[in-house]
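**Student:** My file is entry-v4.pdb. It has PDB, C-alpha atoms:
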ATOM      1  CA  VAL A   8       0.000   0.000   0.000
ATOM      2  CA  ALA A   9       1.352   3.415  -0.898
ATOM      3  CA  LEU A  10       0.241   6.552   0.877
ATOM      4  CA  VAL A  11       1.031   9.882  -0.748
ATOM      5  CA  SER A  12       0.367  12.950   1.355
ATOM      6  CA  HIS A  13       1.664  16.217   2.714
ATOM      7  CA  ALA A  14       4.415  16.174   5.332
ATOM      8  CA  GLY A  15       2.117  17.520   8.041
ATOM      9  CA  PHE A  16      -0.251  14.564   7.883
ATOM     10  CA  LEU A  17       2.556  12.021   7.499
ATOM     11  CA  THR A  18       4.282  13.480  10.558
ATOM     12  CA  TYR A  19       1.136  12.832  12.595
ATOM     13  CA  VAL A  20       0.983   9.261  11.250
ATOM     14  CA  ILE A  21       4.595   8.595  12.238
ATOM     15  CA  PHE A  22       4.093  10.136  15.686
ATOM     16  CA  TYR A  23       1.010   7.964  16.186
ATOM     17  CA  LEU A  24       2.887   4.805  15.180
ATOM     18  CA  ILE A  25       5.775   5.477  17.558
ATOM     19  CA  GLY A  26       3.384   5.976  20.447
ATOM     20  CA  TYR A  27       3.049   9.751  20.713
ATOM     21  CA  ARG A  28      -0.684   9.695  20.154
ATOM     22  CA  ASP A  29      -1.412  12.925  22.050
ATOM     23  CA  ALA A  30       1.720  14.849  21.026
ATOM     24  CA  GLN A  31       1.661  17.815  18.719
ATOM     25  CA  PRO A  32       4.599  17.403  16.321
ATOM     26  CA  GLY A  33       6.520  20.604  15.823
ATOM     27  CA  TYR A  34       9.513  21.729  13.888
ATOM     28  CA  ASP A  35      11.797  19.210  15.601
ATOM     29  CA  PHE A  36      10.654  16.508  13.170
ATOM     30  CA  ARG A  37      10.461  17.440   9.494
ATOM     31  CA  LEU A  38       9.778  15.567   6.315
ATOM     32  CA  THR A  39      11.090  17.205   3.167
ATOM     33  CA  ASN A  40       9.525  17.319  -0.279
ATOM     34  CA  THR A  41       9.638  13.985  -2.122
ATOM     35  CA  GLY A  42      11.116  12.189   0.900
ATOM     36  CA  VAL A  43      10.238   8.487   1.064
ATOM     37  CA  SER A  44       9.284   6.817   4.327
ATOM     38  CA  ARG A  45       8.888   3.054   4.316
ATOM     39  CA  ILE A  46       7.047   1.465   7.233
ATOM     40  CA  LEU A  47       6.663  -2.301   7.511
ATOM     41  CA  PHE A  48       3.723  -3.813   9.359
ATOM     42  CA  TYR A  49       3.874  -7.375  10.693
ATOM     43  CA  GLU A  50       1.238  -9.629  12.168
ATOM     44  CA  PRO A  51       1.346  -9.158  15.941
ATOM     45  CA  GLY A  52       4.055 -11.308  17.487
ATOM     46  CA  THR A  53       5.590 -12.537  14.213
ATOM     47  CA  ASN A  54       8.637 -10.236  14.116
ATOM     48  CA  ARG A  55      11.126 -10.242  16.969
ATOM     49  CA  TYR A  56      11.835  -6.526  16.441
ATOM     50  CA  GLY A  57       8.220  -5.417  16.755
ATOM     51  CA  ASP A  58       4.986  -5.179  14.835
ATOM     52  CA  VAL A  59       5.865  -1.844  13.179
ATOM     53  CA  ILE A  60       9.328  -1.311  11.671
ATOM     54  CA  PHE A  61      10.564   1.957  10.167
ATOM     55  CA  ASP A  62      12.711   0.856   7.230
ATOM     56  CA  CYS A  63      13.465   4.475   6.306
ATOM     57  CA  VAL A  64      12.099   7.920   7.102
ATOM     58  CA  ASN A  65      12.500  10.815   4.664
ATOM     59  CA  GLU A  66      14.894   8.926   2.363
ATOM     60  CA  ARG A  67      15.974  11.039  -0.608
ATOM     61  CA  LYS A  68      18.340   8.757  -2.546
ATOM     62  CA  HIS A  69      16.116   9.034  -5.599
ATOM     63  CA  LEU A  70      17.249  12.656  -5.929
ATOM     64  CA  GLU A  71      20.968  11.813  -6.219
ATOM     65  CA  LYS A  72      22.610  12.138  -9.615
ATOM     66  CA  TYR A  73      24.153   9.068 -11.185
TER      67      TYR A  73
END
Show me the file's structure as structure tokens.

**Tutor:**
Amino acid sequence: VALVSHAGFLTYVIFYLIGYRDAQPGYDFRLTNTGVSRILFYEPGTNRYGDVIFDCVNERKHLEKY
């Protein structure tokens, strides 16, 4: 599933997933334009590292020149 959205909404999603459900994200956590965040969801109890894994947040390798 791919979710394309503005950084403000995606910041709230990431905060929710890491457990800060009542926090108001501020300027201390920014996502830049075209940044890719990959979040992996596992069936509860099937991954020894947790049910939600952040593979990358705000990755921008696709902007590098070859």

**Student:** Might you spell out which residues the PyMOL selection byres ((chain A and resi 60) around 7) would select in the displayed file, as a list in words?

**Tutor:**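 Matching residues under the PyMOL selection byres ((chain A and resi 60) around 7) are Ile46, Leu47, Phe48, Gly57, Asp58, Val59, Phe61 and Asp62 of chain A.
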
**Student:** By how many Å are CA of Tyr49 (chain A) and CA of Cys63 (chain A) apart?

**Tutor:**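 Separation between CA of Tyr49 (chain A) and CA of Cys63 (chain A): 15.9 Å.
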
**Student:** Take CA of Ser12 (chain A) and CA of Gly42 (chain A) and report the distance between them in Å, one decimal.

**Tutor:**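 Atom-to-atom, CA of Ser12 (chain A) and CA of Gly42 (chain A) are spaced 10.8 Å apart.
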
**Student:** Between CA of Asp29 (chain A) and CA of Arg67 (chain A), what is the distance in Å, rounded to a tenth?

**Tutor:** 28.6 Å

**Student:** Counting all atoms listed in the file, figure out which residue out of A:Thr18, A:Arg55, A:His13, A:Tyr23 gets nearest to Asn40 (chain A).

**Tutor:**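 That would be A:His13, the residue with the smallest distance to Asn40 (chain A).
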
**Student:** Restricting the calculation to all atoms listed in the file, which member of A:Val11, A:Ile25, A:Leu70, A:Leu17 is positioned closest to Arg37 (chain A)?

**Tutor:** A:Leu17

**Student:** Taking into account all atoms listed in the file, which residue in the set A:Val8, A:Val64, A:Glu71, A:Thr41 is nearest to Phe22 (chain A)?

**Tutor:**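 Using all atoms listed in the file, the shortest distance to Phe22 (chain A) belongs to A:Val64.
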
**Student:** Considering only C-alpha atoms, state which residue in the set A:Tyr56, A:Lys72, A:Glu66, A:Ile21 is at the smallest distance from Ser44 (chain A).

**Tutor:**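 Of all the options, A:Glu66 lies closest to Ser44 (chain A).
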
**Student:** From the list A:Arg45, A:Thr39, A:His69, A:Thr53, which residue is nearest Gly15 (chain A) when using only C-alpha atoms?

**Tutor:** A:Thr39

**Student:** Starting from the incomplete input, reconstruct N, CA, C and O atoms of region 58-70 of chain A and write that as an mmCIF file, keeping the file's coordinate frame.

**Tutor:**
data_model
loop_
_atom_site.group_PDB
_atom_site.id
_atom_site.type_symbol
_atom_site.label_atom_id
_atom_site.label_comp_id
_atom_site.auth_asym_id
_atom_site.auth_seq_id
_atom_site.Cartn_x
_atom_site.Cartn_y
_atom_site.Cartn_z
ATOM 1 N N ASP A 58 6.045 -5.068 15.832
ATOM 2 C CA ASP A 58 4.986 -5.179 14.835
ATOM 3 C C ASP A 58 5.057 -4.083 13.784
ATOM 4 O O ASP A 58 4.528 -4.224 12.691
ATOM 5 N N VAL A 59 5.712 -2.961 14.108
ATOM 6 C CA VAL A 59 5.865 -1.844 13.179
ATOM 7 C C VAL A 59 7.356 -1.513 13.099
ATOM 8 O O VAL A 59 7.997 -1.228 14.100
ATOM 9 N N ILE A 60 7.910 -1.575 11.891
ATOM 10 C CA ILE A 60 9.328 -1.311 11.671
ATOM 11 C C ILE A 60 9.462 -0.144 10.701
ATOM 12 O O ILE A 60 8.849 -0.137 9.638
ATOM 13 N N PHE A 61 10.286 0.831 11.055
ATOM 14 C CA PHE A 61 10.564 1.957 10.167
ATOM 15 C C PHE A 61 11.809 1.611 9.362
ATOM 16 O O PHE A 61 12.922 1.681 9.865
ATOM 17 N N ASP A 62 11.605 1.226 8.108
ATOM 18 C CA ASP A 62 12.711 0.856 7.230
ATOM 19 C C ASP A 62 13.504 2.105 6.839
ATOM 20 O O ASP A 62 14.722 2.072 6.765
ATOM 21 N N CYS A 63 12.813 3.192 6.571
ATOM 22 C CA CYS A 63 13.465 4.475 6.306
ATOM 23 C C CYS A 63 12.450 5.584 6.547
ATOM 24 O O CYS A 63 11.250 5.370 6.420
ATOM 25 N N VAL A 64 12.945 6.748 6.918
ATOM 26 C CA VAL A 64 12.099 7.920 7.102
ATOM 27 C C VAL A 64 12.764 9.078 6.369
ATOM 28 O O VAL A 64 13.932 9.387 6.610
ATOM 29 N N ASN A 65 12.039 9.665 5.439
ATOM 30 C CA ASN A 65 12.500 10.815 4.664
ATOM 31 C C ASN A 65 13.719 10.503 3.797
ATOM 32 O O ASN A 65 14.596 11.337 3.612
ATOM 33 N N GLU A 66 13.789 9.309 3.254
ATOM 34 C CA GLU A 66 14.894 8.926 2.363
ATOM 35 C C GLU A 66 14.806 9.733 1.068
ATOM 36 O O GLU A 66 13.741 9.915 0.498
ATOM 37 N N ARG A 67 15.955 10.203 0.597
ATOM 38 C CA ARG A 67 15.974 11.039 -0.608
ATOM 39 C C ARG A 67 16.997 10.570 -1.629
ATOM 40 O O ARG A 67 17.474 11.333 -2.458
ATOM 41 N N LYS A 68 17.356 9.291 -1.605
ATOM 42 C CA LYS A 68 18.340 8.757 -2.546
ATOM 43 C C LYS A 68 17.888 8.914 -3.999
ATOM 44 O O LYS A 68 18.725 9.023 -4.883
ATOM 45 N N HIS A 69 16.610 8.928 -4.226
ATOM 46 C CA HIS A 69 16.116 9.034 -5.599
ATOM 47 C C HIS A 69 16.433 10.398 -6.219
ATOM 48 O O HIS A 69 16.285 10.584 -7.423
ATOM 49 N N LEU A 70 16.895 11.336 -5.421
ATOM 50 C CA LEU A 70 17.249 12.656 -5.929
ATOM 51 C C LEU A 70 18.739 12.781 -6.281
ATOM 52 O O LEU A 70 19.157 13.771 -6.865
#
